[in-house]
Every structure is written in structure tokens, then in C-alpha cells.
file start04.csv (CSV, C-alpha atoms)
chain,number,residue,atom,x,y,z
A,413,MET,CA,21.3,112.1,16.3
A,414,LYS,CA,21.9,109.5,13.5
A,415,ALA,CA,25.5,108.9,14.8
A,416,LEU,CA,24.2,108.2,18.2
A,417,ALA,CA,21.6,105.8,16.8
A,418,LEU,CA,24.3,104.0,14.8
A,419,VAL,CA,26.5,103.6,17.8
A,420,ALA,CA,23.6,102.2,19.9
A,421,THR,CA,22.8,99.8,17.1
A,422,PHE,CA,26.3,98.4,16.9
A,423,VAL,CA,26.6,98.0,20.7
A,424,THR,CA,23.2,96.2,20.8
A,425,GLY,CA,24.2,94.0,17.9
A,426,ALA,CA,27.5,93.1,19.5
A,427,LEU,CA,25.8,92.2,22.8
A,428,LEU,CA,23.3,90.0,21.0
A,429,LEU,CA,25.9,88.1,19.0
A,430,PHE,CA,28.0,87.6,22.1
A,431,SER,CA,25.1,86.0,23.9
A,432,ALA,CA,24.3,83.9,20.8
A,433,GLY,CA,27.4,81.9,21.5
A,434,ASP,CA,25.5,80.0,24.1
A,435,PHE,CA,22.6,78.9,21.9
A,436,ALA,CA,22.3,75.4,20.5
A,437,GLU,CA,23.3,74.5,17.1
A,438,TRP,CA,20.8,74.8,14.3
A,439,GLY,CA,18.9,71.6,14.0
A,440,SER,CA,19.9,69.9,17.2
A,441,HIS,CA,17.5,67.3,18.7
A,442,ASP,CA,18.4,68.1,22.2
A,443,SER,CA,18.0,71.8,22.7
A,444,PRO,CA,15.7,73.1,25.5
A,445,PRO,CA,12.8,74.0,23.2
A,446,ASN,CA,12.6,70.5,21.9
A,447,ARG,CA,12.2,68.8,25.3
A,448,HIS,CA,9.6,68.9,28.1
A,449,VAL,CA,6.1,69.9,26.8
A,450,SER,CA,6.7,69.5,23.1
A,451,VAL,CA,7.5,65.8,23.4
A,452,TYR,CA,4.1,65.3,25.1
A,453,TYR,CA,2.3,67.1,22.4
A,454,VAL,CA,3.9,65.2,19.5
A,455,GLU,CA,3.4,61.8,21.1
A,456,ASN,CA,-0.2,62.2,22.4
A,457,ALA,CA,-2.0,64.8,20.2
A,458,VAL,CA,-3.3,62.4,17.5
A,459,GLU,CA,-4.8,59.8,19.8
A,460,GLN,CA,-6.3,62.4,22.2
A,461,THR,CA,-7.9,64.6,19.5
A,462,HIS,CA,-8.0,62.6,16.2
A,463,VAL,CA,-6.6,65.6,14.3
A,464,PRO,CA,-3.6,64.9,12.1
A,465,ASN,CA,-2.4,68.5,11.9
A,466,LEU,CA,-0.4,69.0,15.1
A,467,VAL,CA,-0.3,72.8,14.8
A,468,THR,CA,-4.1,73.0,14.6
A,469,ALA,CA,-4.5,70.6,17.4
A,470,VAL,CA,-2.2,72.5,19.7
A,471,LEU,CA,-3.6,75.9,18.7
A,472,GLY,CA,-7.3,74.9,19.0
A,473,ASP,CA,-7.3,72.5,21.9
A,474,TYR,CA,-4.2,72.6,24.1
A,475,ARG,CA,-3.5,76.3,23.8
A,476,GLY,CA,-7.1,77.4,23.0
A,477,TYR,CA,-7.0,80.3,25.5
A,478,ASP,CA,-4.3,82.0,23.5
A,479,THR,CA,-6.3,81.7,20.3
A,480,MET,CA,-9.3,83.2,22.0
A,481,PHE,CA,-7.4,86.3,23.1
A,482,GLU,CA,-5.8,86.6,19.7
A,483,LEU,CA,-9.3,86.9,18.2
A,484,VAL,CA,-10.1,89.5,20.8
A,485,VAL,CA,-7.0,91.5,19.8
A,486,ILE,CA,-8.1,91.5,16.2
A,487,TYR,CA,-11.5,92.6,17.2
A,488,CYS,CA,-10.2,95.4,19.4
A,489,ALA,CA,-7.9,96.6,16.5
A,490,GLY,CA,-10.9,96.8,14.2
A,491,THR,CA,-12.9,98.7,16.8
A,492,ALA,CA,-10.0,101.0,17.5
A,493,VAL,CA,-9.5,101.9,13.8
A,494,MET,CA,-13.2,102.6,13.6
A,495,ALA,CA,-13.1,104.8,16.7
A,496,ILE,CA,-10.0,106.8,15.5
A,497,LEU,CA,-11.0,107.4,11.9
A,498,ARG,CA,-14.7,107.7,11.5
A,499,ARG,CA,-16.3,111.1,11.6
A,500,ARG,CA,-19.7,112.5,10.8
A,501,GLU,CA,-20.3,114.6,7.8
A,502,ASP,CA,-20.8,117.9,9.6
A,503,GLU,CA,-17.3,118.0,11.2
A,504,GLU,CA,-14.8,120.1,9.5
A,505,ASP,CA,-11.0,119.8,9.7
A,506,GLY,CA,-10.3,123.0,11.6
A,507,LYS,CA,-12.7,122.5,14.4
A,508,GLU,CA,-11.5,119.2,15.8
A,509,ASP,CA,-10.6,119.6,19.4
A,510,VAL,CA,-7.3,118.2,20.8
A,511,SER,CA,-8.8,116.3,23.7
B,359,MET,CA,41.5,80.7,17.8
B,360,GLU,CA,40.6,78.1,15.1
B,361,ASN,CA,37.9,76.7,17.3
B,362,LEU,CA,36.4,80.2,17.7
B,363,THR,CA,36.2,80.9,14.0
B,364,ALA,CA,34.8,77.4,13.3
B,365,GLU,CA,32.2,78.0,15.9
B,366,ILE,CA,31.3,81.4,14.6
B,367,LEU,CA,31.0,80.1,11.1
B,368,SER,CA,28.8,77.2,12.0
B,369,LYS,CA,26.3,79.4,13.8
B,370,TYR,CA,25.7,81.6,10.8
B,371,ASN,CA,21.9,81.6,11.2
B,372,TYR,CA,22.2,83.8,14.3
B,373,TRP,CA,24.2,86.3,12.4
B,374,ILE,CA,21.4,86.7,9.8
B,375,TYR,CA,18.8,87.2,12.5
B,376,VAL,CA,20.8,89.7,14.5
B,377,ILE,CA,21.7,91.7,11.3
B,378,LEU,CA,18.0,91.8,10.4
B,379,MET,CA,17.0,92.8,13.9
B,380,MET,CA,19.6,95.6,13.9
B,381,ILE,CA,18.4,97.0,10.6
B,382,GLY,CA,14.9,97.2,12.0
B,383,PHE,CA,16.2,98.7,15.2
B,384,TYR,CA,18.2,101.4,13.5
B,385,ALA,CA,15.2,102.3,11.3
B,386,MET,CA,13.1,102.7,14.4
B,387,ILE,CA,15.4,105.1,16.2
B,388,GLY,CA,17.4,106.7,13.5
B,389,LYS,CA,14.9,107.9,11.0
B,390,ARG,CA,12.7,110.9,11.3
B,391,ASN,CA,9.7,110.0,9.1
B,392,LEU,CA,6.9,108.2,10.9
B,393,VAL,CA,6.2,105.7,8.1
B,394,LYS,CA,9.9,104.6,8.1
B,395,LYS,CA,9.8,104.0,11.8
B,396,LEU,CA,6.7,101.8,11.3
B,397,LEU,CA,8.5,99.8,8.6
B,398,GLY,CA,11.5,99.4,10.9
B,399,MET,CA,9.1,97.9,13.5
B,400,ASN,CA,7.8,95.4,10.9
B,401,ILE,CA,11.3,94.3,9.9
B,402,PHE,CA,12.2,93.8,13.6
B,403,GLN,CA,9.2,91.7,14.1
B,404,THR,CA,9.9,89.6,11.1
B,405,ALA,CA,13.4,88.9,12.3
B,406,ILE,CA,12.1,87.7,15.7
B,407,ILE,CA,9.5,85.4,14.2
B,408,LEU,CA,12.2,83.8,12.0
B,409,PHE,CA,14.5,83.3,15.0
B,410,PHE,CA,11.8,81.6,17.0
B,411,ILE,CA,10.8,79.2,14.2
B,412,SER,CA,14.4,78.3,13.6
B,413,THR,CA,14.8,77.1,17.2
B,414,GLY,CA,12.3,74.3,16.5
B,415,ALA,CA,14.0,72.9,13.5
B,416,LYS,CA,15.4,69.4,13.7
B,417,SER,CA,17.9,67.9,11.2
B,418,GLY,CA,16.2,65.2,9.1
B,419,GLY,CA,12.8,66.1,10.5
B,420,ARG,CA,9.4,66.1,8.7
B,421,ILE,CA,6.6,68.7,9.0
B,422,PRO,CA,4.2,68.3,11.9
B,423,ILE,CA,1.3,66.9,9.8
B,424,LEU,CA,1.0,63.1,10.4
B,425,ASP,CA,-0.9,60.2,8.9
B,426,LYS,CA,-3.7,59.5,11.4
B,427,TYR,CA,-4.2,55.8,10.9
B,428,GLU,CA,-0.6,54.9,10.9
B,429,VAL,CA,0.1,56.9,14.1
B,430,LEU,CA,-2.9,55.3,15.8
B,431,LYS,CA,-1.5,51.9,15.0
B,432,ASN,CA,2.2,52.4,15.5
B,433,GLY,CA,3.0,55.6,17.4
B,434,VAL,CA,5.4,58.3,16.4
B,435,ASP,CA,9.1,58.9,17.0
B,436,VAL,CA,9.7,62.4,18.4
B,437,ASN,CA,13.1,62.9,16.7
B,438,THR,CA,11.7,62.8,13.2
B,439,ILE,CA,9.0,65.4,13.6
B,440,VAL,CA,9.8,69.2,13.7
B,441,ASN,CA,8.7,70.9,16.9
B,442,PRO,CA,5.2,72.3,16.4
B,443,LEU,CA,5.1,74.7,19.4
B,444,PRO,CA,7.1,77.7,18.0
B,445,HIS,CA,4.8,77.6,14.9
B,446,VAL,CA,1.7,78.0,17.1
B,447,LEU,CA,3.2,80.8,19.1
B,448,MET,CA,4.3,82.7,16.0
B,449,LEU,CA,0.9,82.5,14.4
B,450,THR,CA,-0.4,84.6,17.3
B,451,ALA,CA,2.6,86.9,17.0
B,452,ILE,CA,2.0,87.6,13.3
B,453,VAL,CA,-1.6,88.4,13.9
B,454,VAL,CA,-0.8,90.8,16.7
B,455,GLY,CA,1.8,92.5,14.5
B,456,VAL,CA,-0.8,93.0,11.8
B,457,SER,CA,-3.2,94.6,14.3
B,458,VAL,CA,-0.6,96.9,15.7
B,459,THR,CA,0.4,98.0,12.1
B,460,GLY,CA,-3.3,98.7,11.3
B,461,VAL,CA,-3.9,100.9,14.4
B,462,ALA,CA,-0.5,102.7,13.9
B,463,LEU,CA,-1.4,103.6,10.4
B,464,ALA,CA,-4.8,104.9,11.5
B,465,VAL,CA,-3.2,107.1,14.1
B,466,MET,CA,-0.8,108.4,11.4
B,467,VAL,CA,-3.8,109.4,9.2
B,468,ARG,CA,-5.1,111.5,12.1
B,469,ILE,CA,-1.7,113.1,12.8
B,470,TYR,CA,-1.5,114.1,9.1
B,471,ARG,CA,-4.9,115.5,9.1
B,472,LYS,CA,-4.2,117.7,12.1
B,473,TYR,CA,-0.5,118.8,11.6
B,474,GLY,CA,-0.1,118.5,7.8
B,475,THR,CA,3.2,116.7,8.0
B,476,LEU,CA,4.7,113.3,9.0
B,477,GLU,CA,8.2,114.3,10.0
B,478,GLU,CA,8.9,114.0,13.7
B,479,ASP,CA,10.8,117.2,14.3
B,480,GLU,CA,8.2,119.4,12.4
B,481,ILE,CA,5.5,117.9,14.5
B,482,LEU,CA,7.3,118.6,17.7
B,483,GLN,CA,7.9,122.2,16.6
B,484,LYS,CA,4.2,122.7,15.8
B,485,ILE,CA,3.2,121.3,19.2
B,486,GLU,CA,5.5,123.7,20.9
B,487,GLU,CA,4.2,126.6,18.9
B,488,GLU,CA,0.6,125.8,19.9
B,489,GLY,CA,1.6,126.0,23.5
B,490,GLY,CA,1.8,122.4,24.4
C,564,MET,CA,-32.8,89.5,-4.6
C,565,ARG,CA,-32.1,92.5,-2.5
C,566,THR,CA,-30.2,95.2,-4.3
C,567,ASP,CA,-30.1,96.4,-7.9
C,568,TYR,CA,-26.4,96.0,-8.7
C,569,ASP,CA,-26.8,97.4,-12.2
C,570,SER,CA,-27.9,100.8,-11.0
C,571,VAL,CA,-25.0,101.0,-8.5
C,572,ARG,CA,-22.6,99.9,-11.2
C,573,ALA,CA,-23.9,102.6,-13.6
C,574,GLN,CA,-22.8,105.3,-11.2
C,575,ILE,CA,-19.2,104.3,-10.9
C,576,PRO,CA,-16.8,106.8,-12.5
C,577,GLN,CA,-13.9,105.6,-14.8
C,578,ARG,CA,-15.1,102.1,-15.6
C,579,ASP,CA,-12.6,99.7,-17.1
C,580,MET,CA,-14.0,96.6,-18.8
C,581,ILE,CA,-10.9,94.4,-18.6
C,582,VAL,CA,-10.5,94.9,-14.9
C,583,GLU,CA,-14.2,94.4,-14.2
C,584,THR,CA,-14.5,91.2,-16.2
C,585,ALA,CA,-11.3,89.7,-14.8
C,586,ILE,CA,-12.3,90.4,-11.2
C,587,ARG,CA,-15.8,89.2,-11.7
C,588,LEU,CA,-14.6,85.9,-12.9
C,589,MET,CA,-12.0,85.5,-10.1
C,590,VAL,CA,-13.9,86.4,-7.0
C,591,PRO,CA,-16.1,83.3,-6.6
C,592,PHE,CA,-13.0,81.0,-6.9
C,593,ILE,CA,-11.1,83.0,-4.3
C,594,GLN,CA,-14.0,82.7,-1.9
C,595,LEU,CA,-14.3,79.0,-2.6
C,596,TYR,CA,-10.5,78.6,-1.9
C,597,GLY,CA,-10.8,80.6,1.3
C,598,LEU,CA,-13.6,78.3,2.5
C,599,TYR,CA,-11.4,75.3,1.6
C,600,VAL,CA,-8.5,76.6,3.7
C,601,ILE,CA,-10.8,77.1,6.7
C,602,VAL,CA,-12.4,73.7,6.5
C,603,HIS,CA,-9.2,71.7,5.8
C,604,GLY,CA,-7.4,73.0,8.9
C,605,HIS,CA,-7.4,69.5,10.3
C,606,TYR,CA,-5.6,67.8,7.4
C,607,SER,CA,-3.3,70.3,5.8
C,608,PRO,CA,-1.8,73.7,6.7
C,609,GLY,CA,-4.5,76.3,7.2
C,610,GLY,CA,-7.1,76.9,9.7
C,611,GLY,CA,-9.2,79.9,10.8
C,612,PHE,CA,-6.9,82.9,10.5
C,613,GLN,CA,-5.5,82.0,7.1
C,614,GLY,CA,-8.8,81.2,5.5
C,615,GLY,CA,-10.4,84.3,7.0
C,616,VAL,CA,-7.8,86.6,5.5
C,617,VAL,CA,-8.3,85.0,2.1
C,618,LEU,CA,-12.0,85.5,2.3
C,619,GLY,CA,-11.5,89.1,3.4
C,620,ALA,CA,-9.1,89.7,0.5
C,621,SER,CA,-11.8,88.7,-2.0
C,622,VAL,CA,-14.1,91.4,-0.8
C,623,ILE,CA,-11.3,94.0,-0.8
C,624,LEU,CA,-10.4,93.0,-4.4
C,625,LEU,CA,-14.0,93.7,-5.3
C,626,GLY,CA,-13.8,97.1,-3.7
C,627,LEU,CA,-10.5,97.9,-5.5
C,628,ALA,CA,-12.0,97.1,-8.9
C,629,TYR,CA,-15.5,98.4,-8.7
C,630,GLY,CA,-15.2,101.2,-6.1
C,631,LEU,CA,-15.9,101.4,-2.4
C,632,PRO,CA,-19.7,102.0,-2.7
C,633,PHE,CA,-20.1,98.7,-4.7
C,634,SER,CA,-18.4,96.7,-2.1
C,635,LYS,CA,-20.6,98.3,0.6
C,636,GLU,CA,-23.6,97.1,-1.4
C,637,TYR,CA,-22.1,93.7,-1.6
C,638,LEU,CA,-21.4,93.4,2.1
C,639,SER,CA,-23.4,96.0,4.0
C,640,GLU,CA,-22.0,97.7,7.2
C,641,GLY,CA,-24.7,96.1,9.4
C,642,THR,CA,-23.9,92.6,8.2
C,643,ASN,CA,-20.2,93.4,8.8
C,644,ILE,CA,-20.6,94.4,12.4
C,645,VAL,CA,-23.1,91.7,13.3
C,646,MET,CA,-21.0,88.8,11.7
C,647,ALA,CA,-17.8,90.0,13.4
C,648,ASN,CA,-19.5,89.9,16.8
C,649,ILE,CA,-21.1,86.5,16.1
C,650,GLY,CA,-17.7,85.2,15.2
C,651,ALA,CA,-16.2,86.3,18.5
C,652,LEU,CA,-19.3,85.0,20.3
C,653,ILE,CA,-19.1,81.6,18.8
C,654,PHE,CA,-15.6,81.0,20.2
C,655,THR,CA,-16.4,82.3,23.7
C,656,GLY,CA,-19.9,80.7,23.7
C,657,VAL,CA,-18.5,77.3,23.0
C,658,ALA,CA,-15.9,77.7,25.7
C,659,ALA,CA,-18.5,79.0,28.2
C,660,ILE,CA,-21.0,76.2,27.4
C,661,CYS,CA,-18.2,73.6,28.1
C,662,ALA,CA,-17.7,75.3,31.5
C,663,PHE,CA,-21.4,75.3,32.3
C,664,LEU,CA,-21.8,71.6,31.6
C,665,GLY,CA,-19.3,70.5,34.2
C,666,GLY,CA,-16.0,70.4,32.4
C,667,MET,CA,-13.3,73.1,32.4
C,668,PHE,CA,-13.3,76.2,30.3
C,669,LEU,CA,-12.5,75.1,26.7
C,670,ASP,CA,-12.7,71.4,27.5
C,671,TYR,CA,-14.6,70.2,24.5
C,672,SER,CA,-15.1,66.7,25.8
C,673,ALA,CA,-17.7,68.0,28.4
C,674,LEU,CA,-20.1,68.6,25.5
C,675,THR,CA,-20.8,64.9,25.3
C,676,ARG,CA,-23.7,65.5,27.8
C,677,ILE,CA,-25.7,67.3,25.2
C,678,ILE,CA,-25.1,65.2,22.1
C,679,PRO,CA,-23.8,61.8,22.9
C,680,ILE,CA,-20.8,61.2,20.7
C,681,ASP,CA,-17.3,59.9,21.7
C,682,PRO,CA,-15.5,62.6,23.7
C,683,VAL,CA,-12.4,62.3,21.5
C,684,GLU,CA,-14.6,63.0,18.4
C,685,TRP,CA,-16.1,66.0,20.3
C,686,ARG,CA,-12.6,67.5,20.7
C,687,SER,CA,-12.1,67.3,16.9
C,688,LEU,CA,-15.5,68.9,16.3
C,689,GLY,CA,-14.9,71.5,18.9
C,690,ILE,CA,-11.7,72.6,17.2
C,691,PHE,CA,-13.6,72.9,13.9
C,692,LEU,CA,-16.3,75.0,15.4
C,693,VAL,CA,-14.0,77.5,16.9
C,694,GLU,CA,-12.0,77.8,13.6
C,695,VAL,CA,-15.3,78.7,11.8
C,696,GLY,CA,-15.9,81.4,14.4
C,697,VAL,CA,-12.4,82.7,14.0
C,698,GLY,CA,-12.6,82.7,10.2
C,699,MET,CA,-15.8,84.7,10.2
C,700,GLY,CA,-14.5,87.3,12.7
C,701,VAL,CA,-11.2,87.8,10.9
C,702,MET,CA,-12.9,88.2,7.5
C,703,MET,CA,-15.2,91.0,8.6
C,704,ILE,CA,-12.5,92.8,10.6
C,705,MET,CA,-10.2,92.9,7.6
C,706,VAL,CA,-12.9,94.4,5.3
C,707,SER,CA,-13.8,96.9,8.0
C,708,ILE,CA,-10.2,98.1,8.4
C,709,TYR,CA,-9.9,98.5,4.7
C,710,TRP,CA,-13.0,100.5,4.5
C,711,ASP,CA,-11.9,102.8,7.3
C,712,MET,CA,-8.4,103.4,6.1
C,713,ALA,CA,-9.0,103.7,2.3
C,714,SER,CA,-11.6,106.4,2.7
C,715,ALA,CA,-10.0,108.1,5.7
C,716,GLY,CA,-13.2,107.8,7.7
C,717,LYS,CA,-15.7,109.2,5.2
C,718,MET,CA,-16.7,105.9,3.5
C,719,ASP,CA,-17.6,107.5,0.3
C,720,GLU,CA,-14.9,106.6,-2.2
C,721,GLY,CA,-11.9,104.3,-1.9
C,722,LEU,CA,-8.5,103.8,-3.6
call {"tool": "encode", "arguments": {"input": "start04.csv", "output": "C-alpha cells"}}
result
Amino acid sequence: MKALALVATFVTGALLLFSAGDFAEWGSHDSPPNRHVSVYYVENAVEQTHVPNLVTAVLGDYRGYDTMFELVVIYCAGTAVMAILRRREDEEDGKEDVS
Amino acid sequence: MENLTAEILSKYNYWIYVILMMIGFYAMIGKRNLVKKLLGMNIFQTAIILFFISTGAKSGGRIPILDKYEVLKNGVDVNTIVNPLPHVLMLTAIVVGVSVTGVALAVMVRIYRKYGTLEEDEILQKIEEEGG
Amino acid sequence: MRTDYDSVRAQIPQRDMIVETAIRLMVPFIQLYGLYVIVHGHYSPGGGFQGGVVLGASVILLGLAYGLPFSKEYLSEGTNIVMANIGALIFTGVAAICAFLGGMFLDYSALTRIIPIDPVEWRSLGIFLVEVGVGMGVMMIMVSIYWDMASAGKMDEGL
């Protein structure tokens, strides 16, 4: 089982490295993530929102929908942990039903 | 051949990310203990976050916190500021990772309470003994 | 004001004076720093999530030093649940009010019909309001997850 996992790991690693040959160099100004929308955000965020921190401006205003669902995810995680782990005082360990 | 080795050596950052990712991947599928699998998932996630943030780096760039009055007067040159968009997306990714770790640990506490062990093959054996 | 901390503190087993004194001196400054990180999200790295985690860590630290029942006296379970819900409601409420007033969902400049400030200033204030909501929600959820997992559900004694 561990030998099979090791072989799968090496094959996946080789495939990933082979496809990394197409990526841009580290620190290039022209790579695809650094064009299109990001240029608009850097040039116009301060005069449209008066917030000097570009990360907070993008996270709170331009991409506010993502932040709202991130908060909902944390809230659901808290509720899920509460639902999984809490038990009343009269439940014993042996009588818990599997359903 | 020289061109190939020069190209491989200049993209050394991708080697680091892929090696970290494969360490996490092997821990997730090759280990039997449940806590070690969860640690492997965390390593994998850290490697992916590092990879994303590195795609936004620019050589000679400054951090994306600007001086408000100077930018309102003069404007800003895009090539001197590091790309802020991967930072924003990875904030969400870190938070989601923390939530998944929390819920996974809670499920593990319940599994331990019911079966008394955290090894994957012993748990499967006990499930088969109980009749599925 | 509300509870008698001395009687709760007298029931803690295994008291340790050095840990208690050190933590009692540090917790107000940690909370002040967490509030600083939330409010200065506009001008330095920080924001809602980071400040909320620091604030939650201060209550968890109190629970580690003095025992879980003490931290439940400090921040009761009712307050915990209510404030987490208010934090999530602030964010969605501000967004829904913007939609009701004629703008798009999460378009803070539409709030200029209630309080007449410059729409660009309203965008800056809107970002600040939602960060406060996020910080409150994250703080309460971190404390709640710690309570549930440290006591394995029974909420009587922690780590």
C-alpha cells in the first residue's frame, strides 16, 4: 500500500513539474495574473474608495460577496462543531445510536 | 541541453512548491493514522497558498499599501506595485482551511469516542464486525 | 458588576500564581491590540479576520490559565451565540439595506440617501462597518470552537 502511494506521488510530481515549464518566470511584470483586472484595481481603487490599503479595498468593496460567504463558512463551521460534539448529561457512551 | 538545465535552475521556486505539495499528498494517501492524514492536508494547502501568492510577485515591486494623498495627486504606476489580487483570494482560502481543520478534528473526537482507535484499518475491521 | 469572580476563582483546582499574574497583566493589552488591528485595516495590514482571531485568542488564553468555567463566566454562552449572529447579520444587513435603497447588493454608495455624505466616503465607511461585523463574528466562533473541542462536548473542564 505504501509502495503504491509512493509511485503515485512520484508520477504526480513529475507531471506537475513537466507542466511547470510553461509558467512565467518568478517576478515577471507581464504574466497573465498581472494583467486585465488587477491593473484596473491598482490604478483606480484609491480614488474610488479613499482606502490606501489595496487588499482591504478589494476584499471589502470589489470582492465583498466572497467575504460575505467566507464569514458564513466560519459560522457554519462553528455550528457544525457544536452539533457534532455537544451532548446532554444523561447520555452515556455505550448508548449512542449510529444513525 | 544547456538551455534546458539553465531553464530548470531558474524556475527553482516551482520545484519547492511541487515538493511540498507531494509531501502533503503522500501523507494523505500513504499513512494510516487519521491525524497524520489531516496534517498532510494542511501541508498541501500551505503549498498551494504559497504558489498562488508567488504568481503575483513583481521584481522591484512594493507592497500594495499606498500613500493616499500622493496617489490622488499624481497617480500610480502599475509596474511598481505587487499584484494585490492573489493576496485577497488566499485570505479566503486560509480561513476556509481553518474551518475544515476544525470540523475534521471534531469528527475525529467522535470517531475515537465510538471505536476507541484512530487507525484506519482497525476502524474498518470494527465496522465489518458490527455488520456494516 | 455582574458576577463574583473571586468565588469562581476560589474553586479552581491547581492554582499557579505566576501563570495567573502574568496572564492577568497581558490580556487587556492583547485585546487592545486586537481592536487596533481591526480598526487600522484601512491603513496597514490587518482587517476583520486578523483582528477577530487576536481577540478570540485573548479569551482562549484566559481559559487556558484559569480553567474553562472561568472563561465561561467571563464570556457567557448566551453572549457568545448572540454576538456571533449579530456579527453575521451586520454584514448581510448592510448589504441588504444598500439593495433596498436603490443601488446594487453591497453597493455602499447607495447609502447616501439616508445620511448625506459624499458617496466615495460612504464606500470607505461601508468597508469599515463590514470589517467590524466580521471581527465580532470570528472572535465568538473561535472561542466557541475552543470550548467545544477542549472539553469534548461536556463544557465542564478544559485543557
call {"tool": "residues_near_point", "arguments": {"input": "start04.csv", "point": "(20.3, 88.3, 12.8)", "cutoff": "10 Å", "atoms": "only C-alpha atoms", "output": "number ranges by chain"}}
result
A: 425, 428-429, 432; B: 370-381, 402, 405-406, 408-409
call {"tool": "interface_residues", "arguments": {"input": "start04.csv", "of": "chain C", "to": "chain A", "cutoff": "7 Å", "atoms": "only C-alpha atoms", "output": "count of residues only"}}
result
21
call {"tool": "interface_residues", "arguments": {"input": "start04.csv", "of": "chain B", "to": "chain C", "cutoff": "10 Å", "atoms": "all atoms listed in the file", "output": "ChimeraX atom specification"}}
result
/B:422-426,449-450,453,457,460-461,463-464,467-468,471
call {"tool": "write_last_selection", "arguments": {"input": "start04.csv", "atoms": "C-alpha atoms", "output": "mmCIF file, in the frame of the given file"}}
result
data_model
loop_
_atom_site.group_PDB
_atom_site.id
_atom_site.type_symbol
_atom_site.label_atom_id
_atom_site.label_comp_id
_atom_site.auth_asym_id
_atom_site.auth_seq_id
_atom_site.Cartn_x
_atom_site.Cartn_y
_atom_site.Cartn_z
ATOM 1 C CA PRO B 422 4.200 68.300 11.900
ATOM 2 C CA ILE B 423 1.300 66.900 9.800
ATOM 3 C CA LEU B 424 1.000 63.100 10.400
ATOM 4 C CA ASP B 425 -0.900 60.200 8.900
ATOM 5 C CA LYS B 426 -3.700 59.500 11.400
ATOM 6 C CA LEU B 449 0.900 82.500 14.400
ATOM 7 C CA THR B 450 -0.400 84.600 17.300
ATOM 8 C CA VAL B 453 -1.600 88.400 13.900
ATOM 9 C CA SER B 457 -3.200 94.600 14.300
ATOM 10 C CA GLY B 460 -3.300 98.700 11.300
ATOM 11 C CA VAL B 461 -3.900 100.900 14.400
ATOM 12 C CA LEU B 463 -1.400 103.600 10.400
ATOM 13 C CA ALA B 464 -4.800 104.900 11.500
ATOM 14 C CA VAL B 467 -3.800 109.400 9.200
ATOM 15 C CA ARG B 468 -5.100 111.500 12.100
ATOM 16 C CA ARG B 471 -4.900 115.500 9.100
#
call {"tool": "closest_atom_pairs", "arguments": {"input": "start04.csv", "of": "region 364-428 of chain B", "to": "region 434-445 of chain B", "cutoff": "9 Å", "atoms": "only C-alpha atoms", "output": "tab-separated table"}}
result
residue	atom	partner	partner_atom	distance
B:Ile407	CA	B:Pro444	CA	8.9
B:Phe410	CA	B:Pro444	CA	6.2
B:Ile411	CA	B:Pro444	CA	5.5
B:Ser412	CA	B:Pro444	CA	8.5
B:Thr413	CA	B:Pro444	CA	7.8
B:Gly414	CA	B:Asn441	CA	5.0
B:Ala415	CA	B:Val440	CA	5.6
B:Lys416	CA	B:Val440	CA	5.6
B:Ser417	CA	B:Thr438	CA	8.3
B:Gly418	CA	B:Thr438	CA	6.5
B:Gly419	CA	B:Thr438	CA	4.4
B:Arg420	CA	B:Ile439	CA	5.0
B:Ile421	CA	B:Val440	CA	5.7
B:Pro422	CA	B:Ile439	CA	5.9
B:Ile423	CA	B:Ile439	CA	8.7
B:Leu424	CA	B:Val434	CA	8.9
B:Glu428	CA	B:Val434	CA	8.8
call {"tool": "atom_distance", "arguments": {"input": "start04.csv", "atom1": "CA of Asn648 (chain C)", "atom2": "CA of Val616 (chain C)"}}
result
16.6 Å
call {"tool": "closest_residue", "arguments": {"input": "start04.csv", "among": "B:Ile452, B:Val465, B:Leu367, B:Val393", "to": "chain A", "atoms": "only C-alpha atoms"}}
result
B:Val465
